[in-house]
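Trainee: My file is coords.cif. It has mmCIF, C-alpha atoms and all ligand atoms:
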data_coords
#
loop_
_atom_site.label_atom_id
_atom_site.label_comp_id
_atom_site.auth_asym_id
_atom_site.auth_seq_id
_atom_site.Cartn_x
_atom_site.Cartn_y
_atom_site.Cartn_z
CA MET J 1 46.88 -101.54 99.17
CA ARG J 2 50.25 -103.20 98.62
CA LYS J 3 52.95 -100.76 97.49
CA VAL J 4 55.78 -101.52 95.10
CA GLN J 5 59.42 -100.63 95.76
CA TYR J 6 61.49 -98.09 93.81
CA ARG J 7 65.01 -98.44 92.45
CA GLN J 8 67.31 -96.08 90.59
CA LEU J 9 67.58 -96.94 86.92
CA GLY J 10 71.15 -98.26 86.98
CA LYS J 11 73.39 -95.50 88.35
CA TRP J 12 71.08 -92.74 87.12
CA GLY J 13 68.94 -90.43 89.21
CA VAL J 14 65.47 -91.39 88.03
CA ARG J 15 63.62 -93.85 90.29
CA ILE J 16 61.22 -96.39 88.88
CA SER J 17 58.99 -99.01 90.47
CA THR J 18 60.27 -102.59 90.42
CA ILE J 19 57.16 -103.48 88.42
CA GLY J 20 56.34 -101.47 85.30
CA LEU J 21 53.16 -101.66 83.22
CA GLY J 22 53.67 -102.86 79.63
CA SER J 23 51.50 -102.51 76.55
CA TYR J 24 52.63 -105.09 73.98
CA LEU J 25 49.59 -106.90 72.48
CA THR J 26 47.43 -105.54 75.33
CA ILE J 27 46.70 -101.80 75.74
CA GLY J 28 45.50 -100.38 72.41
CA MET J 29 45.20 -103.85 70.91
CA HIS J 30 43.63 -106.95 72.51
CA VAL J 31 42.49 -105.33 75.78
CA ASP J 32 39.38 -103.13 75.61
CA GLU J 33 39.82 -99.52 76.65
CA GLU J 34 37.75 -99.74 79.86
CA THR J 35 39.84 -102.69 81.11
CA ALA J 36 43.05 -100.89 80.13
CA LYS J 37 41.84 -97.85 82.08
CA GLN J 38 41.22 -100.00 85.16
CA CYS J 39 44.68 -101.58 84.79
CA VAL J 40 46.34 -98.16 84.62
CA LYS J 41 44.36 -97.02 87.67
CA PHE J 42 45.30 -100.16 89.59
CA ALA J 43 48.92 -99.66 88.59
CA PHE J 44 48.97 -96.08 89.91
CA ASP J 45 47.09 -97.05 93.07
CA SER J 46 49.72 -99.72 93.78
CA GLY J 47 52.61 -97.33 93.28
CA ILE J 48 53.69 -98.41 89.79
CA ASN J 49 55.22 -95.25 88.36
CA TRP J 50 56.36 -96.23 84.92
CA ILE J 51 54.76 -97.40 81.69
CA ASP J 52 56.44 -99.05 78.74
CA THR J 53 55.17 -98.78 75.19
CA ALA J 54 56.56 -98.56 71.63
CA ASN J 55 55.67 -96.70 68.47
CA ALA J 56 55.43 -100.02 66.64
CA TYR J 57 52.94 -101.66 69.04
CA ASN J 58 49.89 -101.99 66.80
CA ARG J 59 51.41 -99.28 64.56
CA GLY J 60 50.87 -96.39 66.98
CA GLN J 61 47.58 -97.56 68.53
CA ALA J 62 49.20 -98.60 71.81
CA GLU J 63 50.76 -95.15 72.20
CA ILE J 64 47.47 -93.45 71.32
CA THR J 65 45.59 -95.40 74.01
CA VAL J 66 48.38 -95.02 76.58
CA GLY J 67 48.38 -91.25 75.90
CA LYS J 68 44.60 -91.05 76.33
CA LEU J 69 44.64 -93.00 79.60
CA LEU J 70 47.59 -91.09 81.07
CA ALA J 71 45.90 -87.75 80.38
CA ASP J 72 43.99 -88.33 83.66
CA TYR J 73 47.23 -88.24 85.71
CA ASP J 74 49.85 -85.63 86.63
CA ARG J 75 52.81 -85.74 84.26
CA ASP J 76 55.26 -85.55 87.19
CA ASP J 77 53.84 -88.74 88.67
CA TYR J 78 54.98 -91.19 86.02
CA VAL J 79 57.99 -92.14 83.93
CA LEU J 80 56.98 -92.73 80.33
CA ALA J 81 59.08 -95.05 78.18
CA THR J 82 58.58 -95.68 74.49
CA LYS J 83 60.64 -97.05 71.62
CA VAL J 84 61.69 -96.44 68.05
CA TRP J 85 63.10 -98.72 65.31
CA GLY J 86 60.21 -100.96 64.20
CA PRO J 87 58.58 -100.30 60.81
CA MET J 88 55.95 -97.54 60.85
CA GLY J 89 55.29 -97.46 57.10
CA ASP J 90 56.45 -98.91 53.80
CA GLY J 91 58.85 -96.10 52.82
CA PRO J 92 62.64 -96.50 52.82
CA ASN J 93 62.98 -94.21 55.86
CA ASP J 94 60.06 -95.58 57.86
CA ARG J 95 62.12 -97.77 60.17
CA GLY J 96 65.48 -98.07 61.91
CA LEU J 97 67.64 -95.68 63.90
CA SER J 98 68.62 -93.02 61.34
CA ALA J 99 68.51 -89.42 62.56
CA LYS J 100 65.64 -88.76 60.14
CA HIS J 101 63.46 -91.61 61.36
CA VAL J 102 64.25 -91.15 65.06
CA PHE J 103 63.55 -87.38 64.88
CA GLU J 104 60.27 -87.83 62.99
CA GLN J 105 59.05 -90.73 65.13
CA CYS J 106 59.91 -88.93 68.34
CA HIS J 107 57.58 -86.11 67.32
CA ALA J 108 54.92 -88.57 66.17
CA SER J 109 55.17 -90.41 69.51
CA LEU J 110 54.86 -87.15 71.45
CA LYS J 111 51.61 -86.43 69.57
CA ARG J 112 50.21 -89.92 70.07
CA LEU J 113 51.18 -89.89 73.74
CA GLN J 114 49.78 -86.34 74.26
CA THR J 115 52.91 -85.18 76.04
CA ASP J 116 55.76 -82.69 75.63
CA TYR J 117 58.55 -85.09 76.50
CA ILE J 118 59.42 -88.78 76.72
CA ASP J 119 61.28 -89.81 79.87
CA LEU J 120 63.02 -92.83 78.37
CA TYR J 121 63.39 -93.20 74.61
CA GLN J 122 64.57 -96.70 73.72
CA CYS J 123 66.14 -98.08 70.55
CA HIS J 124 63.92 -101.16 70.11
CA ARG J 125 66.68 -103.20 68.40
CA PRO J 126 70.09 -102.39 66.86
CA ASP J 127 70.17 -100.94 63.34
CA PRO J 128 73.31 -102.26 61.62
CA ASP J 129 72.69 -99.95 58.62
CA THR J 130 73.01 -96.73 60.64
CA PRO J 131 76.34 -95.64 62.15
CA LEU J 132 76.16 -95.67 65.91
CA GLU J 133 77.35 -92.06 66.09
CA GLU J 134 74.31 -90.94 64.07
CA THR J 135 71.91 -92.50 66.58
CA ILE J 136 73.87 -91.20 69.59
CA ARG J 137 73.89 -87.68 68.10
CA ILE J 138 70.14 -87.58 67.42
CA MET J 139 69.41 -88.83 70.95
CA GLU J 140 71.64 -86.05 72.31
CA ASP J 141 69.93 -83.46 70.09
CA LEU J 142 66.45 -84.60 71.16
CA ALA J 143 67.53 -84.40 74.80
CA ARG J 144 68.92 -80.87 74.31
CA GLN J 145 65.65 -79.88 72.63
CA GLY J 146 63.75 -81.12 75.70
CA LYS J 147 61.90 -83.84 73.76
CA ILE J 148 63.45 -86.74 75.71
CA LEU J 149 65.18 -86.96 79.08
CA TYR J 150 67.11 -90.23 78.78
CA TRP J 151 67.68 -92.82 76.11
CA GLY J 152 68.14 -96.56 76.30
CA VAL J 153 68.37 -99.69 74.20
CA SER J 154 66.50 -102.97 73.92
CA GLU J 155 67.95 -106.37 73.04
CA TRP J 156 71.32 -104.93 72.10
CA PRO J 157 74.26 -107.32 72.45
CA ALA J 158 76.85 -106.61 75.15
CA GLU J 159 79.54 -105.45 72.70
CA LEU J 160 77.23 -102.90 71.09
CA ILE J 161 76.14 -101.54 74.48
CA GLN J 162 79.81 -101.11 75.41
CA GLU J 163 80.54 -99.46 72.07
CA ALA J 164 77.64 -97.02 72.53
CA VAL J 165 78.80 -96.05 76.04
CA ASP J 166 82.39 -95.53 74.87
CA LEU J 167 81.46 -93.61 71.73
CA ALA J 168 79.02 -91.35 73.59
CA ALA J 169 81.84 -90.43 75.99
CA ILE J 170 84.18 -89.58 73.08
CA MET J 171 81.43 -87.50 71.45
CA GLY J 172 80.55 -85.70 74.69
CA CYS J 173 77.00 -87.03 74.41
CA ARG J 174 74.65 -88.71 76.87
CA PRO J 175 75.15 -92.49 76.97
CA PRO J 176 72.27 -94.98 77.02
CA ILE J 177 71.09 -95.39 80.63
CA SER J 178 69.06 -98.57 80.30
CA ASN J 179 68.65 -101.82 78.46
CA GLN J 180 65.43 -103.74 77.89
CA PRO J 181 66.24 -107.42 77.36
CA ARG J 182 64.04 -110.49 77.41
CA TYR J 183 64.64 -112.16 80.79
CA SER J 184 62.92 -114.89 82.73
CA LEU J 185 63.52 -118.29 84.29
CA MET J 186 63.07 -119.63 80.77
CA TRP J 187 65.45 -117.14 79.13
CA ARG J 188 68.56 -116.45 81.22
CA VAL J 189 70.81 -115.47 78.31
CA PRO J 190 71.40 -111.84 79.53
CA GLU J 191 73.18 -113.19 82.63
CA GLU J 192 76.12 -114.25 80.47
CA ALA J 193 77.37 -111.01 78.88
CA VAL J 194 74.65 -108.35 78.80
CA PHE J 195 74.07 -107.99 82.55
CA PRO J 196 77.80 -107.80 83.44
CA THR J 197 78.27 -105.10 80.77
CA CYS J 198 75.31 -103.12 82.08
CA LEU J 199 76.52 -103.40 85.67
CA LYS J 200 80.01 -102.26 84.67
CA ASN J 201 78.66 -99.19 82.86
CA GLY J 202 75.78 -98.25 85.18
CA LEU J 203 72.88 -99.13 82.87
CA GLY J 204 69.69 -100.40 84.50
CA ASN J 205 67.77 -103.32 83.02
CA VAL J 206 63.99 -103.19 82.63
CA VAL J 207 63.23 -106.72 81.56
CA PHE J 208 60.45 -107.94 79.30
CA SER J 209 58.40 -111.15 79.10
CA PRO J 210 59.24 -112.10 82.72
CA LEU J 211 56.48 -114.73 82.62
CA ALA J 212 57.58 -116.18 79.25
CA HIS J 213 54.32 -114.83 77.77
CA GLY J 214 52.29 -116.40 80.57
CA VAL J 215 53.85 -119.90 80.52
CA LEU J 216 55.47 -119.29 83.94
CA THR J 217 52.07 -118.69 85.54
CA GLY J 218 51.60 -122.45 85.26
CA LYS J 219 48.20 -121.96 83.63
CA TYR J 220 49.15 -124.16 80.68
CA GLU J 221 49.12 -127.92 81.37
CA PRO J 222 51.48 -130.22 79.46
CA GLY J 223 49.64 -132.20 76.81
CA GLN J 224 46.53 -130.00 77.09
CA PRO J 225 45.29 -127.38 74.64
CA PRO J 226 45.65 -123.82 76.02
CA PRO J 227 42.55 -122.45 77.79
CA ALA J 228 40.34 -120.21 75.61
CA GLY J 229 41.01 -116.50 75.97
CA THR J 230 44.72 -116.88 76.76
CA ARG J 231 47.62 -115.62 74.64
CA ALA J 232 48.60 -119.19 73.81
CA ALA J 233 45.14 -119.92 72.42
CA ASP J 234 45.24 -117.03 69.96
CA ASP J 235 47.14 -117.68 66.75
CA THR J 236 47.49 -113.94 66.11
CA GLN J 237 49.46 -113.54 69.39
CA ASN J 238 51.11 -116.85 70.22
CA GLN J 239 53.83 -117.25 67.60
CA ILE J 240 56.77 -116.27 69.82
CA MET J 241 55.61 -118.31 72.80
CA MET J 242 54.97 -121.36 70.63
CA ASP J 243 58.44 -121.06 69.07
CA MET J 244 60.29 -120.42 72.33
CA TYR J 245 58.47 -122.15 75.16
CA TRP J 246 55.80 -124.57 73.99
CA THR J 247 57.27 -127.99 74.75
CA ASP J 248 55.97 -130.55 77.23
CA GLU J 249 59.27 -130.32 79.10
CA LYS J 250 58.97 -126.57 79.60
CA LEU J 251 55.28 -126.73 80.49
CA GLN J 252 56.14 -129.45 83.00
CA LYS J 253 58.89 -127.33 84.55
CA ALA J 254 56.41 -124.46 84.84
CA GLN J 255 54.19 -126.82 86.87
CA GLN J 256 57.14 -127.64 89.13
CA ALA J 257 57.86 -123.94 89.65
CA LYS J 258 54.18 -123.40 90.45
CA ALA J 259 54.35 -126.11 93.14
CA MET J 260 57.51 -124.50 94.59
CA ALA J 261 55.71 -121.14 94.66
CA GLY J 262 52.76 -122.68 96.49
CA ASP J 263 55.10 -124.11 99.12
CA ILE J 264 56.28 -120.61 100.08
CA GLY J 265 52.87 -118.95 99.83
CA LEU J 266 53.35 -117.28 96.46
CA THR J 267 51.65 -117.66 93.12
CA ALA J 268 53.71 -118.90 90.19
CA ALA J 269 53.66 -115.43 88.57
CA GLN J 270 54.90 -113.79 91.77
CA LEU J 271 57.72 -116.30 92.11
CA ALA J 272 58.80 -115.88 88.46
CA MET J 273 58.88 -112.08 88.70
CA ALA J 274 60.49 -111.97 92.15
CA TRP J 275 63.17 -114.34 90.82
CA CYS J 276 64.03 -111.81 88.05
CA LEU J 277 64.20 -108.99 90.60
CA ARG J 278 66.81 -110.87 92.66
CA HIS J 279 69.49 -110.24 90.01
CA ASP J 280 71.62 -107.17 90.78
CA ALA J 281 71.44 -105.96 87.20
CA VAL J 282 67.62 -105.91 87.09
CA THR J 283 65.90 -102.66 88.02
CA SER J 284 62.34 -103.56 87.09
CA VAL J 285 60.20 -106.22 85.40
CA ILE J 286 57.63 -105.12 82.85
CA SER J 287 54.24 -106.67 83.43
CA GLY J 288 51.85 -107.11 80.51
CA VAL J 289 48.31 -107.97 81.61
CA THR J 290 44.90 -108.56 80.07
CA LYS J 291 42.96 -108.27 83.35
CA VAL J 292 43.20 -106.20 86.54
CA ALA J 293 43.30 -109.44 88.56
CA GLN J 294 46.55 -110.41 86.80
CA LEU J 295 48.17 -107.11 87.74
CA GLU J 296 46.94 -107.55 91.29
CA ASP J 297 48.67 -110.94 91.33
CA ASN J 298 51.90 -109.70 89.72
CA VAL J 299 52.32 -106.53 91.78
CA ALA J 300 52.66 -108.68 94.88
CA ALA J 301 55.97 -109.92 93.42
CA ALA J 302 57.48 -106.57 94.41
CA ASP J 303 57.79 -107.50 98.06
CA ALA J 304 57.83 -111.29 97.72
CA GLU J 305 60.72 -112.95 99.53
CA ILE J 306 62.31 -116.01 97.93
CA PRO J 307 64.36 -118.03 100.44
CA ASP J 308 67.89 -118.76 99.22
CA ASP J 309 67.32 -122.52 98.92
CA VAL J 310 64.24 -121.98 96.74
CA TYR J 311 66.13 -119.45 94.61
CA GLU J 312 68.95 -121.97 94.08
CA ALA J 313 66.50 -124.77 93.31
CA LEU J 314 64.84 -122.59 90.67
CA CYS J 315 68.21 -121.78 89.09
CA GLU J 316 68.89 -125.50 88.89
CA LEU J 317 65.49 -126.31 87.42
CA PHE J 318 65.98 -123.63 84.74
CA PRO J 319 69.76 -123.73 84.07
CA LEU J 320 71.71 -121.15 82.13
CA PRO J 321 71.93 -121.87 78.41
CA THR J 322 74.96 -123.92 77.50
CA VAL J 323 77.56 -121.77 75.83
CA GLU J 324 79.48 -123.50 73.08
CA ALA J 325 83.26 -123.20 73.17
CA PRO J 326 84.53 -120.73 70.53
N1 LIG J 401 61.55 -104.60 74.06
C1 LIG J 401 60.90 -105.55 73.45
O1 LIG J 401 61.27 -106.00 72.36
C2 LIG J 401 59.68 -106.13 74.10
C3 LIG J 401 59.13 -107.34 73.64
C4 LIG J 401 58.02 -107.84 74.30
C5 LIG J 401 57.46 -107.15 75.37
N2 LIG J 401 58.00 -105.96 75.78
C6 LIG J 401 57.44 -105.19 76.91
O2 LIG J 401 57.35 -106.02 78.05
C7 LIG J 401 55.99 -106.13 78.48
C8 LIG J 401 55.74 -107.50 79.03
O3 LIG J 401 55.96 -108.49 78.00
P1 LIG J 401 54.99 -109.73 77.90
O4 LIG J 401 53.58 -109.24 77.74
O5 LIG J 401 55.52 -110.68 76.91
O6 LIG J 401 55.18 -110.30 79.42
P2 LIG J 401 54.81 -111.63 80.18
O7 LIG J 401 54.64 -111.20 81.59
O8 LIG J 401 55.80 -112.68 79.90
O9 LIG J 401 53.40 -112.11 79.56
C9 LIG J 401 52.25 -111.33 79.76
C10 LIG J 401 50.98 -112.13 79.47
O10 LIG J 401 50.88 -113.25 80.36
C11 LIG J 401 49.53 -113.36 80.85
N3 LIG J 401 49.57 -113.04 82.29
C12 LIG J 401 50.20 -111.99 82.90
N4 LIG J 401 50.04 -112.04 84.24
C13 LIG J 401 49.31 -113.14 84.49
C14 LIG J 401 48.83 -113.74 85.70
N5 LIG J 401 49.09 -113.22 86.88
N6 LIG J 401 48.09 -114.89 85.59
C15 LIG J 401 47.84 -115.45 84.38
N7 LIG J 401 48.25 -114.93 83.21
C16 LIG J 401 49.00 -113.79 83.26
C17 LIG J 401 48.71 -112.36 80.05
O11 LIG J 401 48.28 -112.96 78.82
P3 LIG J 401 46.86 -113.70 78.59
O12 LIG J 401 45.90 -113.24 79.67
O13 LIG J 401 46.47 -113.24 77.22
O14 LIG J 401 47.15 -115.16 78.63
C18 LIG J 401 49.75 -111.30 79.72
O15 LIG J 401 49.40 -110.49 78.63
C19 LIG J 401 55.17 -105.75 77.25
O16 LIG J 401 53.89 -105.29 77.59
C20 LIG J 401 56.03 -104.68 76.62
O17 LIG J 401 55.82 -103.42 77.24
C21 LIG J 401 59.10 -105.47 75.16
#
As structure tokens, how would this structure be written, given the file I've shared?
Ligand SMILES: NC(=O)c1ccc[n+]([C@@H]2O[C@H](COP(=O)([O-])OP(=O)(O)OC[C@H]3O[C@@H](n4cnc5c(N)ncnc54)[C@H](OP(=O)(O)O)[C@@H]3O)[C@@H](O)[C@H]2O)c1

Mentor:
Amino acid sequence: MRKVQYRQLGKWGVRISTIGLGSYLTIGMHVDEETAKQCVKFAFDSGINWIDTANAYNRGQAEITVGKLLADYDRDDYVLATKVWGPMGDGPNDRGLSAKHVFEQCHASLKRLQTDYIDLYQCHRPDPDTPLEETIRIMEDLARQGKILYWGVSEWPAELIQEAVDLAAIMGCRPPISNQPRYSLMWRVPEEAVFPTCLKNGLGNVVFSPLAHGVLTGKYEPGQPPPAGTRAADDTQNQIMMDMYWTDEKLQKAQQAKAMAGDIGLTAAQLAMAWCLRHDAVTSVISGVTKVAQLEDNVAAADAEIPDDVYEALCELFPLPTVEAP
């Protein structure tokens, strides 16, 4: 069976596979447990060694299912990443990055995930209402208590990542070691400021929605309704993809990328993921799947070679966002 590659997470010692298994909208939500179990097994069999989840995914249900499925495997064999920040209740302290909420949710996540420690504990978004030093301190305390090994951030702007690294150094605390931004051919924004900041400070990037929610698989035809059973066809799941990617122009470009993939013997999904992995700042792409066959397809991105001319042509087809002059 094809094996994935491993990379260090930024400058840090832990090694993760270039493809990770995600759980947003899938495990513990729209994917039945037997299929999720087969996906996890396929992931392990292919060498994937890390799983991404979040407390807020289906209000704890994703973590509960991930925990149940991982109970079949040795704890040493995988790197478990989860997140905190999203609302977990209606109370005033049931969200955000305060010490109280992070401490309580860390323990709740440990229970749901059936484990003693979280390898990578990520701040799902910034919390402008909590001083950064409070969040840095609770992450340090949780690490010293053995509840987490590393902490990271997700969708934090470059300036805040820099501030967190600098402040952690002043406080004598562990800095964030990773960032989890949205990144794909259809969303290249991190290349502008976030990736350079991460490279400068040794943070790895584990990127989400590398297929633009499935649009970059080329399975959606311009001018056609989405096929039944896909994320785009389900109004309870498709809001982000409709807002961000659902235009005839983008669907057409996805068809062009699919044709370019075919020309070099790849599927569109493999090309889209392998393109992400070409950036120096990217450690791993997180793959969300609803079927084992999708993971089988995507895992092959790990050792897919994109010739330079095809890489350049893709960058031209999906240009960087235009930055307005200040
Ligand atoms: N930090 C954050 O804020 C954040 C946000 C979002 C996601 N994430 C993480 O990143 C992971 C990936 O995000 P995502 O699910 O949006 O990623 P994505 O790769 O852009 O989209 C995944 C979806 O595309 C479809 N798909 C995947 N592989 C396919 C293939 N080979 N052929 C055809 N269709 C395929 C599946 O949906 P259908 O089969 O239903 O069409 C699948 O659920 C999540 O699971 C989560 O762990 C993090």

Trainee: Output the neighbourhood of ligand LIG 401 (chain J) as a ChimeraX atom specification, that is, all protein and nucleic acid residues with some atom at most 6 Å from the ligand, counting all atoms listed in the file.

Mentor: /J:22-24,52-53,124,154,180,208-214,217,230-231,269,286-290,294,297-298

Trainee: Using C-alpha atoms, can you export the residues from the last selection as a PDB file, in the frame of the given file?

Mentor:
ATOM      1  CA  GLY J  22      53.670-102.860  79.630  1.00  0.00           C
ATOM      2  CA  SER J  23      51.500-102.510  76.550  1.00  0.00           C
ATOM      3  CA  TYR J  24      52.630-105.090  73.980  1.00  0.00           C
ATOM      4  CA  ASP J  52      56.440 -99.050  78.740  1.00  0.00           C
ATOM      5  CA  THR J  53      55.170 -98.780  75.190  1.00  0.00           C
ATOM      6  CA  HIS J 124      63.920-101.160  70.110  1.00  0.00           C
ATOM      7  CA  SER J 154      66.500-102.970  73.920  1.00  0.00           C
ATOM      8  CA  GLN J 180      65.430-103.740  77.890  1.00  0.00           C
ATOM      9  CA  PHE J 208      60.450-107.940  79.300  1.00  0.00           C
ATOM     10  CA  SER J 209      58.400-111.150  79.100  1.00  0.00           C
ATOM     11  CA  PRO J 210      59.240-112.100  82.720  1.00  0.00           C
ATOM     12  CA  LEU J 211      56.480-114.730  82.620  1.00  0.00           C
ATOM     13  CA  ALA J 212      57.580-116.180  79.250  1.00  0.00           C
ATOM     14  CA  HIS J 213      54.320-114.830  77.770  1.00  0.00           C
ATOM     15  CA  GLY J 214      52.290-116.400  80.570  1.00  0.00           C
ATOM     16  CA  THR J 217      52.070-118.690  85.540  1.00  0.00           C
ATOM     17  CA  THR J 230      44.720-116.880  76.760  1.00  0.00           C
ATOM     18  CA  ARG J 231      47.620-115.620  74.640  1.00  0.00           C
ATOM     19  CA  ALA J 269      53.660-115.430  88.570  1.00  0.00           C
ATOM     20  CA  ILE J 286      57.630-105.120  82.850  1.00  0.00           C
ATOM     21  CA  SER J 287      54.240-106.670  83.430  1.00  0.00           C
ATOM     22  CA  GLY J 288      51.850-107.110  80.510  1.00  0.00           C
ATOM     23  CA  VAL J 289      48.310-107.970  81.610  1.00  0.00           C
ATOM     24  CA  THR J 290      44.900-108.560  80.070  1.00  0.00           C
ATOM     25  CA  GLN J 294      46.550-110.410  86.800  1.00  0.00           C
ATOM     26  CA  ASP J 297      48.670-110.940  91.330  1.00  0.00           C
ATOM     27  CA  ASN J 298      51.900-109.700  89.720  1.00  0.00           C
TER      28      ASN J 298
END

Trainee: Quick one: distance from CA of Pro175 in chain J to CA of Pro190 in chain J in Å, one decimal?

Mentor: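 Taking CA of Pro175 in chain J and CA of Pro190 in chain J, their separation equals 19.9 Å.
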
Trainee: Quick one: residues within 12 Å of Gln237 in chain J, all atoms listed in the file, excluding same-chain residues fewer than 3 positions away - as a list of chain:residue names?

Mentor: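 Near Gln237 in chain J, the qualifying residues are J:Tyr24, J:Leu25, J:Thr26, J:Met29, J:His30, J:Asn58, J:His213, J:Gly214, J:Gly229, J:Thr230, J:Arg231, J:Ala232, J:Ala233, J:Asp234, J:Ile240, J:Met241, J:Met242, J:Asp243.
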
Trainee: Keeping C-alpha atoms for every residue in the selection just given, could you write it to a file as a compact mmCIF listing (two decimals), in the frame of the given file?

Mentor:
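Output file selection24.txt follows:
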# COMPACT_ATOMS: atom_id res chain seq x y z
CA TYR J 24 52.63 -105.09 73.98
CA LEU J 25 49.59 -106.90 72.48
CA THR J 26 47.43 -105.54 75.33
CA MET J 29 45.20 -103.85 70.91
CA HIS J 30 43.63 -106.95 72.51
CA ASN J 58 49.89 -101.99 66.80
CA HIS J 213 54.32 -114.83 77.77
CA GLY J 214 52.29 -116.40 80.57
CA GLY J 229 41.01 -116.50 75.97
CA THR J 230 44.72 -116.88 76.76
CA ARG J 231 47.62 -115.62 74.64
CA ALA J 232 48.60 -119.19 73.81
CA ALA J 233 45.14 -119.92 72.42
CA ASP J 234 45.24 -117.03 69.96
CA ILE J 240 56.77 -116.27 69.82
CA MET J 241 55.61 -118.31 72.80
CA MET J 242 54.97 -121.36 70.63
CA ASP J 243 58.44 -121.06 69.07

Trainee: Given only C-alpha atoms as the basis, pick out the residue of J:Met88, J:Leu132, J:Val215, J:Ala228 nearest to Met244 in chain J.

Mentor: J:Val215

Trainee: I want to know what sits within 8 Å of Asn205 in chain J, based on only C-alpha atoms, with residues of the same chain fewer than 2 positions away left out; could you give that as a VMD selection string?

Mentor: chain J and resid 9 to 10 178 to 181 195 198 203 207 281 to 284

Trainee: Range 42-60 of chain J, all listed atoms, 4 Å padding on each side: what axis-aligned box centre and edge lengths in Å to one decimal come out, as lines of an AutoDock Vina configuration file?

Mentor:
center_x = 50.9
center_y = -98.6
center_z = 79.2
size_x = 19.3
size_y = 14.7
size_z = 37.2

Trainee: Rounded to one decimal, what separation in Å do you get between CA of Lys253 in chain J and CA of Arg182 in chain J?

Mentor: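 Between these atoms lies a distance of 19.0 Å.
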
Trainee: Quick one: residues within 12 Å of (53.5, -94.9, 87.5) (file frame), counting all atoms listed in the file, please, as a compact mmCIF listing (two decimals) with C-alpha atoms, in the coordinates of the input.

Mentor:
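Writing the result to part.txt gives the following:
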# COMPACT_ATOMS: atom_id res chain seq x y z
CA LYS J 3 52.95 -100.76 97.49
CA VAL J 4 55.78 -101.52 95.10
CA GLN J 5 59.42 -100.63 95.76
CA TYR J 6 61.49 -98.09 93.81
CA ARG J 15 63.62 -93.85 90.29
CA ILE J 16 61.22 -96.39 88.88
CA SER J 17 58.99 -99.01 90.47
CA THR J 18 60.27 -102.59 90.42
CA ILE J 19 57.16 -103.48 88.42
CA GLY J 20 56.34 -101.47 85.30
CA LEU J 21 53.16 -101.66 83.22
CA GLY J 22 53.67 -102.86 79.63
CA CYS J 39 44.68 -101.58 84.79
CA VAL J 40 46.34 -98.16 84.62
CA LYS J 41 44.36 -97.02 87.67
CA PHE J 42 45.30 -100.16 89.59
CA ALA J 43 48.92 -99.66 88.59
CA PHE J 44 48.97 -96.08 89.91
CA ASP J 45 47.09 -97.05 93.07
CA SER J 46 49.72 -99.72 93.78
CA GLY J 47 52.61 -97.33 93.28
CA ILE J 48 53.69 -98.41 89.79
CA ASN J 49 55.22 -95.25 88.36
CA TRP J 50 56.36 -96.23 84.92
CA ILE J 51 54.76 -97.40 81.69
CA ASP J 52 56.44 -99.05 78.74
CA LEU J 70 47.59 -91.09 81.07
CA TYR J 73 47.23 -88.24 85.71
CA ASP J 74 49.85 -85.63 86.63
CA ARG J 75 52.81 -85.74 84.26
CA ASP J 76 55.26 -85.55 87.19
CA ASP J 77 53.84 -88.74 88.67
CA TYR J 78 54.98 -91.19 86.02
CA VAL J 79 57.99 -92.14 83.93
CA LEU J 80 56.98 -92.73 80.33
CA ALA J 81 59.08 -95.05 78.18
CA ILE J 286 57.63 -105.12 82.85

Trainee: May I ask which of the residues J:Val31, J:Ala158, J:Leu167, J:Ala99 is the closest one to Asp141 in chain J, counting all atoms listed in the file?

Mentor: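 Of J:Val31, J:Ala158, J:Leu167, J:Ala99, the one nearest Asp141 in chain J, counting all atoms listed in the file, is J:Ala99.
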
Trainee: Which is closest to Met171 in chain J among J:His101, J:Arg137, J:His107, J:Arg144, if we use all atoms listed in the file?

Mentor: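 Using all atoms listed in the file, Met171 in chain J sits closest to J:Arg137.
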
Trainee: In terms of the shortest atom-to-atom distance over only C-alpha atoms, which of J:Ile27, J:Ile161, J:Cys106, J:Cys123 is closest to Gln145 in chain J?

Mentor: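 Among the listed residues, the smallest separation from Gln145 in chain J belongs to J:Cys106.
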
Trainee: Could you state the separation of CA of Glu159 in chain J and CA of Pro128 in chain J in Å, given to one decimal place?

Mentor: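 Atom-to-atom, CA of Glu159 in chain J and CA of Pro128 in chain J are spaced 13.1 Å apart.
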
Trainee: Name the residues, using the chain letters and numbers of the file, that sit within 9 Å of (50.1, -129.2, 86.2) when counting all atoms listed in the file, and give them as a list of chain:residue names.

Mentor: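 Output of the proximity query reads J:Gly218, J:Lys219, J:Tyr220, J:Glu221, J:Pro222, J:Leu251, J:Gln252, J:Ala254, J:Gln255, J:Gln256, J:Lys258, J:Ala259.
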
Trainee: Tell me which of J:Asn93, J:Pro176, J:Tyr150, J:Pro131 sits closest to Ile118 in chain J, counting only C-alpha atoms.

Mentor: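 Nearest candidate to Ile118 in chain J out of J:Asn93, J:Pro176, J:Tyr150, J:Pro131: J:Tyr150.
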
Trainee: Let me make sure I understand: among J:Asp303, J:Glu63, J:Asp309, J:Glu33, which one has the smallest atom-to-atom distance to Met260 in chain J if we use only C-alpha atoms?

Mentor: J:Asp309

Trainee: So that I can check the surroundings of Ala261 in chain J, please list as a ChimeraX atom specification every protein, DNA and RNA residue that reaches within 10 Å of it, counting all atoms listed in the file and ignoring chain neighbours fewer than 6 positions away.

Mentor: /J:255,267-272,306,310

Trainee: I'd like the contact shell of Leu185 in chain J - 9 Å cut-off, only C-alpha atoms, skipping same-chain residues fewer than 6 positions apart - returned as a list in words.

Mentor: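 The neighbour list is Pro210, Leu211, Ala212, Leu216, Ala272, Met273, Trp275, Cys276, Leu314, Cys315, Leu317, Phe318, Pro319 and Leu320 of chain J.
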